[in-house]
Amino acid sequence: EFCARVGLAVGTYFGGGEVLVGRDGRLSGQMVANAVISGLLAAGCTVYDVGLAPTPTIQFAVKHFGMDGGVIITASHNPPEYNGIKVLRPDGVELSRKQELEVEEIYFESKFKPASWSSMGSTRPLRGAVEAYVEAVESHVDVDLIRRSRFKVVLDPANGVGVIPALRLLRDLGCRVVLINGEIDGGFPGRHPEPKPENLGGLSTMVKASGADIGVAYDGDADRSIFVDERGEVHWGDKSFAIVARWFLAREPGATIVTPVSSSSLVKEVVEAHGGKLVWTQVGSVVVSHKMMEIGSRLGGEENGGIFYGPHQPVRDGPMSTALLLQIMAEEKRPLSALMDELPRYYLMKTSVECPHELKPLVLEELRARFRDLRPLTIDGVRVWYEDGSSVLMRPSGTEPIFRIYAEARDEARIMEVLEEHRSMVEEIVAKVARGR
Ligand code: MG
């Protein structure tokens with residue numbers, strides 16, 4: 001009932017029209033999709049159902065087929081029991097928070113506009129979405145060059161829907177593919193759908209055992225991608241993004257690149273060293289997409305493996321990122337480990353300090369004041385850089401009663417010092433603010 005009402009709210013927001021719907025492979029997907037589609041039909045929408053497809057494929061299809069909007073039923077990287085409803089604008093980009101609030105207002109204040117009995121919508125199948133998407137991805141790389149490299153690729157889509165376009169793409173690119181966790185199964189029996197290093201042991205082992213050039217892991221809906229080099233080492237998204245950024249800046253000198261404040265200084269250092277301009281945003285992929293469109297930037301990236309390649313679409317896209325990495329490896333004619341090893345090295349550590357939700361704004365205010373002389377970034381939490389290259393982000397969690405502290409430094413000895421110093425400072429401020437109330 002809830003999903004059908006959300007569908008009706010979304011259909012009311014779109015004012016009818018043609019809406020594309022697709023879903024990931026979760027066990028609740030069919031049920032949720034059918035309910036949402038009912039709501040959309042009740043609002044008079046014509047629904048084009050693409051069925052199973054990854055998020056970036058659905059986003060591309062909304063724009064490619066000239067839809068008035070789209071809905072994706074997916075819970076991305078979350079555990080199997082979750083599901084979610086994402087709403088897309090006609091350009092395939094997710095609604096901004098402000099636009100989401102408009103949908104919520106329709107829902108919570110029952111401002112639904114159901115269609116009359118004689119103008120209910122209907123569903124139609126949509127064919128060709130995957131083909132059109134793969135063709136578009138291929139148009140951004142040199143297919144012949146990649147084919148000549150005859151890469152061996154281990155693909156781990158986490159039993160998610162990423163396998164649908166990725167297998168086709170990799171075969172078109174002449175890759176020899178070893179597939180693990182390749183059956184679509186909403187129980188995610190192979191591994192957790194979040195592509196974190198601790199979940200990618202199987203991929204790492206298979207890369208080494210099969211003598212592959214690269215391992216590719218996606219999250220459950222394949223908008224995030226994490227890469228493993230030929231030695232079996234898993235590299236976090238900051239590093240693959242830095243490699244793509246460097247390649248991009250050689251093609252588009254002086255370009256502006258967008259990244260959230262949680263990204264490593266590695267990204268800042270590489271972008272600045274190659275003549276690019278870095279624009280920081282709040283944490284969140286939708287914020288990055290919207291910032292890119294607002295300022296005309298054509299590349300964005302997140303530390304979790306989201307790469308936004310604007311010439312294709314300004315959203316995270318696992319298969320597109322995969323094609324870019326293969327393009328770079330083919331051009332460089334060097335193993336992925338060599339490209340990773342030459343990046344500036346940073347050590348990263350995280351911790352957290354307990355802080356009740358109601359104290360968070362006061363703690364933030366005090367932190368801003370204390371670091372004023374260092375001219376911190378204050379878009380989302382407080383981030384400061386020191387002269388030795390170390391940096392710290394102190395940011396209140398959006399969901400838990402804690403302040404997160406991320407520290408980074410160029411050497412292992414310094415990192416503990418930096419983390420400890422800021423952890424105790426935040427603790428002291430939380431205690432002080434609590435006493436002052
Ligand atoms: Mg995702």
# chains A, B, ... in the order shown; residues from 1 in each chain; ligands from 1

call {"tool": "residues_around", "arguments": {"residues": "A:Ala75", "least_positions_apart": "3", "cutoff": "9 Å", "atoms": "only C-alpha atoms", "output": "VMD selection string"}}
result
chain A and resid 24 26 78 to 80 82 to 86 220 to 221

call {"tool": "write_last_selection", "arguments": {"atoms": "C-alpha atoms", "output": "mmCIF file, in the first residue's frame"}}
result
data_model
loop_
_atom_site.group_PDB
_atom_site.id
_atom_site.type_symbol
_atom_site.label_atom_id
_atom_site.label_comp_id
_atom_site.auth_asym_id
_atom_site.auth_seq_id
_atom_site.Cartn_x
_atom_site.Cartn_y
_atom_site.Cartn_z
ATOM 1 C CA ASP A 24 17.609 -4.505 -9.455
ATOM 2 C CA ARG A 26 16.212 -8.034 -5.066
ATOM 3 C CA ASN A 78 22.508 -2.404 1.119
ATOM 4 C CA PRO A 79 21.841 -5.871 2.590
ATOM 5 C CA PRO A 80 19.323 -8.118 0.782
ATOM 6 C CA TYR A 82 16.292 -3.683 2.004
ATOM 7 C CA ASN A 83 14.691 -2.049 -0.998
ATOM 8 C CA GLY A 84 14.153 1.499 -2.192
ATOM 9 C CA ILE A 85 12.429 3.758 -4.715
ATOM 10 C CA LYS A 86 14.581 6.266 -6.608
ATOM 11 C CA GLY A 220 24.160 -4.356 -6.159
ATOM 12 C CA ASP A 221 22.972 -1.901 -8.831
#

call {"tool": "residues_around", "arguments": {"residues": "A:Ala413", "least_positions_apart": "2", "cutoff": "12 Å", "atoms": "only C-alpha atoms", "output": "list in words"}}
result
Tyr346, Tyr347, Leu348, Met349, Ser390, Glu408, Ala409, Arg410, Asp411, Ile415, Met416, Glu417, Val418, Leu419 and Glu420 of chain A

call {"tool": "write_last_selection", "arguments": {"atoms": "C-alpha atoms", "output": "PDB file, in the first residue's frame"}}
result
ATOM      1  CA  TYR A 346      48.347   8.699   1.823  1.00  0.00           C
ATOM      2  CA  TYR A 347      47.469   6.820   4.977  1.00  0.00           C
ATOM      3  CA  LEU A 348      43.886   7.034   6.132  1.00  0.00           C
ATOM      4  CA  MET A 349      42.338   6.350   9.539  1.00  0.00           C
ATOM      5  CA  SER A 390      48.001  15.810   6.508  1.00  0.00           C
ATOM      6  CA  GLU A 408      44.961  11.444   6.475  1.00  0.00           C
ATOM      7  CA  ALA A 409      48.733  11.816   6.421  1.00  0.00           C
ATOM      8  CA  ARG A 410      51.670  11.084   4.185  1.00  0.00           C
ATOM      9  CA  ASP A 411      53.378   8.791   6.693  1.00  0.00           C
ATOM     10  CA  ILE A 415      48.563   9.598  11.064  1.00  0.00           C
ATOM     11  CA  MET A 416      48.053   8.358  14.640  1.00  0.00           C
ATOM     12  CA  GLU A 417      49.120  11.705  15.998  1.00  0.00           C
ATOM     13  CA  VAL A 418      46.718  13.620  13.743  1.00  0.00           C
ATOM     14  CA  LEU A 419      43.805  11.318  14.517  1.00  0.00           C
ATOM     15  CA  GLU A 420      44.398  11.383  18.278  1.00  0.00           C
TER      16      GLU A 420
END

call {"tool": "residues_around", "arguments": {"residues": "stretch 150-163 of chain A", "least_positions_apart": "6", "cutoff": "7 Å", "atoms": "only C-alpha atoms", "output": "VMD selection string"}}
result
chain A and resid 24 to 25 52 to 54 174 to 185 188 190 to 191 193 203 207 212 to 222

call {"tool": "write_last_selection", "arguments": {"atoms": "C-alpha atoms", "output": "PDB file, in the first residue's frame"}}
result
ATOM      1  CA  ASP A  24      17.609  -4.505  -9.455  1.00  0.00           C
ATOM      2  CA  GLY A  25      17.542  -8.209  -8.626  1.00  0.00           C
ATOM      3  CA  LEU A  52      15.863  -6.067 -14.516  1.00  0.00           C
ATOM      4  CA  ALA A  53      18.614  -3.546 -15.252  1.00  0.00           C
ATOM      5  CA  PRO A  54      21.326  -1.712 -13.342  1.00  0.00           C
ATOM      6  CA  GLY A 174      37.587  -8.259 -26.723  1.00  0.00           C
ATOM      7  CA  CYS A 175      38.202  -9.181 -23.087  1.00  0.00           C
ATOM      8  CA  ARG A 176      38.578 -12.739 -21.875  1.00  0.00           C
ATOM      9  CA  VAL A 177      36.082 -12.763 -18.991  1.00  0.00           C
ATOM     10  CA  VAL A 178      36.118 -14.852 -15.833  1.00  0.00           C
ATOM     11  CA  LEU A 179      32.774 -14.339 -14.100  1.00  0.00           C
ATOM     12  CA  ILE A 180      32.215 -14.895 -10.384  1.00  0.00           C
ATOM     13  CA  ASN A 181      28.959 -14.266  -8.475  1.00  0.00           C
ATOM     14  CA  GLY A 182      27.414 -13.877 -11.902  1.00  0.00           C
ATOM     15  CA  GLU A 183      23.921 -15.304 -11.414  1.00  0.00           C
ATOM     16  CA  ILE A 184      21.352 -12.657 -10.553  1.00  0.00           C
ATOM     17  CA  ASP A 185      20.118 -13.614  -7.084  1.00  0.00           C
ATOM     18  CA  PHE A 188      23.242 -12.088  -2.649  1.00  0.00           C
ATOM     19  CA  GLY A 190      28.144 -14.833  -3.200  1.00  0.00           C
ATOM     20  CA  ARG A 191      29.109 -11.784  -1.205  1.00  0.00           C
ATOM     21  CA  PRO A 193      26.562  -6.228  -2.277  1.00  0.00           C
ATOM     22  CA  LEU A 203      37.654 -11.539  -6.409  1.00  0.00           C
ATOM     23  CA  VAL A 207      42.416 -12.458 -10.166  1.00  0.00           C
ATOM     24  CA  ALA A 212      43.955 -11.718 -14.934  1.00  0.00           C
ATOM     25  CA  ASP A 213      44.956  -8.136 -15.756  1.00  0.00           C
ATOM     26  CA  ILE A 214      42.198  -6.598 -13.642  1.00  0.00           C
ATOM     27  CA  GLY A 215      39.341  -7.481 -11.307  1.00  0.00           C
ATOM     28  CA  VAL A 216      36.106  -5.480 -11.412  1.00  0.00           C
ATOM     29  CA  ALA A 217      33.566  -5.401  -8.560  1.00  0.00           C
ATOM     30  CA  TYR A 218      30.194  -3.649  -8.618  1.00  0.00           C
ATOM     31  CA  ASP A 219      27.683  -2.887  -5.914  1.00  0.00           C
ATOM     32  CA  GLY A 220      24.160  -4.356  -6.159  1.00  0.00           C
ATOM     33  CA  ASP A 221      22.972  -1.901  -8.831  1.00  0.00           C
ATOM     34  CA  ALA A 222      26.337  -1.334 -10.547  1.00  0.00           C
TER      35      ALA A 222
END

call {"tool": "residues_around", "arguments": {"residues": "A:Met329", "least_positions_apart": "5", "cutoff": "9 Å", "atoms": "only C-alpha atoms", "output": "list of chain:residue names"}}
result
A:Ile146, A:Ser149, A:Leu324, A:Arg334, A:Pro335, A:Leu336, A:Leu339

call {"tool": "write_last_selection", "arguments": {"atoms": "N, CA and C atoms", "output": "compact mmCIF listing (two decimals), in the first residue's frame"}}
result
# COMPACT_ATOMS: atom_id res chain seq x y z
N ILE A 146 41.34 -1.21 -27.26
CA ILE A 146 41.13 -2.09 -26.10
C ILE A 146 41.12 -3.55 -26.56
N SER A 149 44.40 -5.22 -26.89
CA SER A 149 45.10 -5.54 -25.64
C SER A 149 44.72 -6.92 -25.09
N LEU A 324 36.53 2.95 -19.05
CA LEU A 324 37.56 4.00 -18.96
C LEU A 324 38.87 3.42 -18.43
N ARG A 334 50.75 -0.49 -19.50
CA ARG A 334 51.40 -0.87 -18.24
C ARG A 334 50.36 -1.54 -17.36
N PRO A 335 50.80 -2.44 -16.45
CA PRO A 335 49.81 -3.08 -15.59
C PRO A 335 49.14 -2.07 -14.65
N LEU A 336 47.94 -2.41 -14.20
CA LEU A 336 47.18 -1.52 -13.31
C LEU A 336 47.97 -1.22 -12.04
N LEU A 339 50.18 1.76 -12.46
CA LEU A 339 49.44 3.02 -12.44
C LEU A 339 49.05 3.40 -11.02

call {"tool": "select_by_dssp", "arguments": {"residues": "stretch 156-304 of chain A", "states": "strand (DSSP E or B)", "output": "number ranges by chain"}}
result
A: 156, 176-179, 214-218, 224-228, 234-235, 256-260, 277-281, 299-301

call {"tool": "closest_residue", "arguments": {"among": "A:Glu94, A:Glu100, A:Glu233, A:Glu138", "to": "A:Gln59", "atoms": "only C-alpha atoms"}}
result
A:Glu94

call {"tool": "select_by_dssp", "arguments": {"residues": "stretch 136-205 of chain A", "states": "alpha helix (DSSP H)", "output": "list in words"}}
result
Ala136, Val137, Glu138, Val143, Asp144, Leu145, Ile146, Arg147, Arg148, Ser149, Val163, Ile164, Pro165, Ala166, Leu167, Arg168, Leu169, Leu170, Arg171, Asp172, Gly201, Gly202, Leu203, Ser204 and Thr205 of chain A

call {"tool": "closest_residue", "arguments": {"among": "A:Thr281, A:Ser240, A:Ser225, A:Thr46", "to": "ligand 1", "atoms": "only C-alpha atoms and all ligand atoms"}}
result
A:Ser225

call {"tool": "closest_residue", "arguments": {"among": "A:Val286, A:Val19, A:Val430, A:Ala132", "to": "ligand 1", "atoms": "only C-alpha atoms and all ligand atoms"}}
result
A:Val286

call {"tool": "residues_around", "arguments": {"residues": "A:Ser96", "least_positions_apart": "3", "cutoff": "9 Å", "atoms": "only C-alpha atoms", "output": "list of chain:residue names"}}
result
A:Val93, A:Gln99, A:Glu100, A:Leu101, A:Val286, A:Val287, A:His290

call {"tool": "closest_residue", "arguments": {"among": "A:Ser285, A:Thr205, A:Gln30, A:Ser76", "to": "ligand 1", "atoms": "only C-alpha atoms and all ligand atoms"}}
result
A:Ser76

call {"tool": "closest_residue", "arguments": {"among": "A:Val143, A:Ile243, A:Val315, A:Ile37", "to": "A:Leu88", "atoms": "only C-alpha atoms"}}
result
A:Val315

call {"tool": "closest_residue", "arguments": {"among": "A:Arg437, A:Gly39, A:Val382, A:Gln282", "to": "A:Arg370", "atoms": "only C-alpha atoms"}}
result
A:Val382

call {"tool": "residues_around", "arguments": {"residues": "A:Leu393", "least_positions_apart": "3", "cutoff": "6 Å", "atoms": "only C-alpha atoms", "output": "list in words"}}
result
Val382, Arg383, Ile405 and Tyr406 of chain A

call {"tool": "residues_around", "arguments": {"residues": "A:Glu366", "least_positions_apart": "3", "cutoff": "12 Å", "atoms": "only C-alpha atoms", "output": "ChimeraX atom specification"}}
result
/A:359-363,369-372,381-382,394,425-426,428-433

call {"tool": "write_last_selection", "arguments": {"atoms": "N, CA and C atoms", "output": "PDB file, in the first residue's frame"}}
result
ATOM      1  N   LEU A 359      23.352  18.376  19.953  1.00  0.00           N
ATOM      2  CA  LEU A 359      24.578  19.157  20.196  1.00  0.00           C
ATOM      3  C   LEU A 359      25.403  19.372  18.930  1.00  0.00           C
ATOM      4  N   LYS A 360      25.064  18.627  17.879  1.00  0.00           N
ATOM      5  CA  LYS A 360      25.896  18.665  16.669  1.00  0.00           C
ATOM      6  C   LYS A 360      26.101  20.080  16.087  1.00  0.00           C
ATOM      7  N   PRO A 361      25.030  20.889  15.965  1.00  0.00           N
ATOM      8  CA  PRO A 361      25.245  22.226  15.382  1.00  0.00           C
ATOM      9  C   PRO A 361      26.176  23.085  16.231  1.00  0.00           C
ATOM     10  N   LEU A 362      26.085  22.951  17.559  1.00  0.00           N
ATOM     11  CA  LEU A 362      26.933  23.757  18.454  1.00  0.00           C
ATOM     12  C   LEU A 362      28.391  23.309  18.354  1.00  0.00           C
ATOM     13  N   VAL A 363      28.589  22.000  18.259  1.00  0.00           N
ATOM     14  CA  VAL A 363      29.953  21.473  18.127  1.00  0.00           C
ATOM     15  C   VAL A 363      30.565  21.943  16.809  1.00  0.00           C
ATOM     16  N   ALA A 369      35.023  27.876  14.463  1.00  0.00           N
ATOM     17  CA  ALA A 369      35.706  29.010  15.098  1.00  0.00           C
ATOM     18  C   ALA A 369      37.159  28.650  15.403  1.00  0.00           C
ATOM     19  N   ARG A 370      37.388  27.460  15.944  1.00  0.00           N
ATOM     20  CA  ARG A 370      38.749  27.081  16.333  1.00  0.00           C
ATOM     21  C   ARG A 370      39.698  26.963  15.151  1.00  0.00           C
ATOM     22  N   PHE A 371      39.166  26.554  13.997  1.00  0.00           N
ATOM     23  CA  PHE A 371      40.050  26.323  12.845  1.00  0.00           C
ATOM     24  C   PHE A 371      40.033  27.489  11.857  1.00  0.00           C
ATOM     25  N   ARG A 372      39.409  28.602  12.266  1.00  0.00           N
ATOM     26  CA  ARG A 372      39.214  29.695  11.322  1.00  0.00           C
ATOM     27  C   ARG A 372      40.508  30.107  10.617  1.00  0.00           C
ATOM     28  N   GLY A 381      30.518  19.445   7.545  1.00  0.00           N
ATOM     29  CA  GLY A 381      31.514  19.222   8.592  1.00  0.00           C
ATOM     30  C   GLY A 381      32.619  20.262   8.466  1.00  0.00           C
ATOM     31  N   VAL A 382      33.767  19.964   9.052  1.00  0.00           N
ATOM     32  CA  VAL A 382      34.911  20.883   8.977  1.00  0.00           C
ATOM     33  C   VAL A 382      36.114  20.090   8.488  1.00  0.00           C
ATOM     34  N   MET A 394      36.091  16.465  10.142  1.00  0.00           N
ATOM     35  CA  MET A 394      35.274  16.181  11.329  1.00  0.00           C
ATOM     36  C   MET A 394      33.827  16.461  10.920  1.00  0.00           C
ATOM     37  N   MET A 425      40.175  16.648  20.721  1.00  0.00           N
ATOM     38  CA  MET A 425      39.611  17.996  20.629  1.00  0.00           C
ATOM     39  C   MET A 425      38.084  17.941  20.479  1.00  0.00           C
ATOM     40  N   VAL A 426      37.586  17.049  19.610  1.00  0.00           N
ATOM     41  CA  VAL A 426      36.133  16.947  19.418  1.00  0.00           C
ATOM     42  C   VAL A 426      35.472  16.486  20.722  1.00  0.00           C
ATOM     43  N   GLU A 428      36.496  16.974  23.735  1.00  0.00           N
ATOM     44  CA  GLU A 428      36.525  18.101  24.682  1.00  0.00           C
ATOM     45  C   GLU A 428      35.419  19.111  24.352  1.00  0.00           C
ATOM     46  N   ILE A 429      35.234  19.387  23.051  1.00  0.00           N
ATOM     47  CA  ILE A 429      34.200  20.347  22.643  1.00  0.00           C
ATOM     48  C   ILE A 429      32.793  19.798  22.947  1.00  0.00           C
ATOM     49  N   VAL A 430      32.584  18.507  22.680  1.00  0.00           N
ATOM     50  CA  VAL A 430      31.264  17.913  22.982  1.00  0.00           C
ATOM     51  C   VAL A 430      30.969  18.059  24.475  1.00  0.00           C
ATOM     52  N   ALA A 431      31.980  17.778  25.332  1.00  0.00           N
ATOM     53  CA  ALA A 431      31.790  17.872  26.785  1.00  0.00           C
ATOM     54  C   ALA A 431      31.496  19.313  27.194  1.00  0.00           C
ATOM     55  N   LYS A 432      32.237  20.249  26.605  1.00  0.00           N
ATOM     56  CA  LYS A 432      32.071  21.658  26.937  1.00  0.00           C
ATOM     57  C   LYS A 432      30.674  22.160  26.545  1.00  0.00           C
ATOM     58  N   VAL A 433      30.255  21.799  25.318  1.00  0.00           N
ATOM     59  CA  VAL A 433      28.950  22.221  24.822  1.00  0.00           C
ATOM     60  C   VAL A 433      27.827  21.616  25.681  1.00  0.00           C
TER      61      VAL A 433
END

call {"tool": "atom_distance", "arguments": {"atom1": "atom CA of A:Leu167", "atom2": "atom CA of A:Val130"}}
result
11.2 Å

call {"tool": "atom_distance", "arguments": {"atom1": "atom CA of A:Ile402", "atom2": "atom CA of A:Pro356"}}
result
6.9 Å

call {"tool": "atom_distance", "arguments": {"atom1": "atom CA of A:Met340", "atom2": "atom CA of A:Arg298"}}
result
22.9 Å
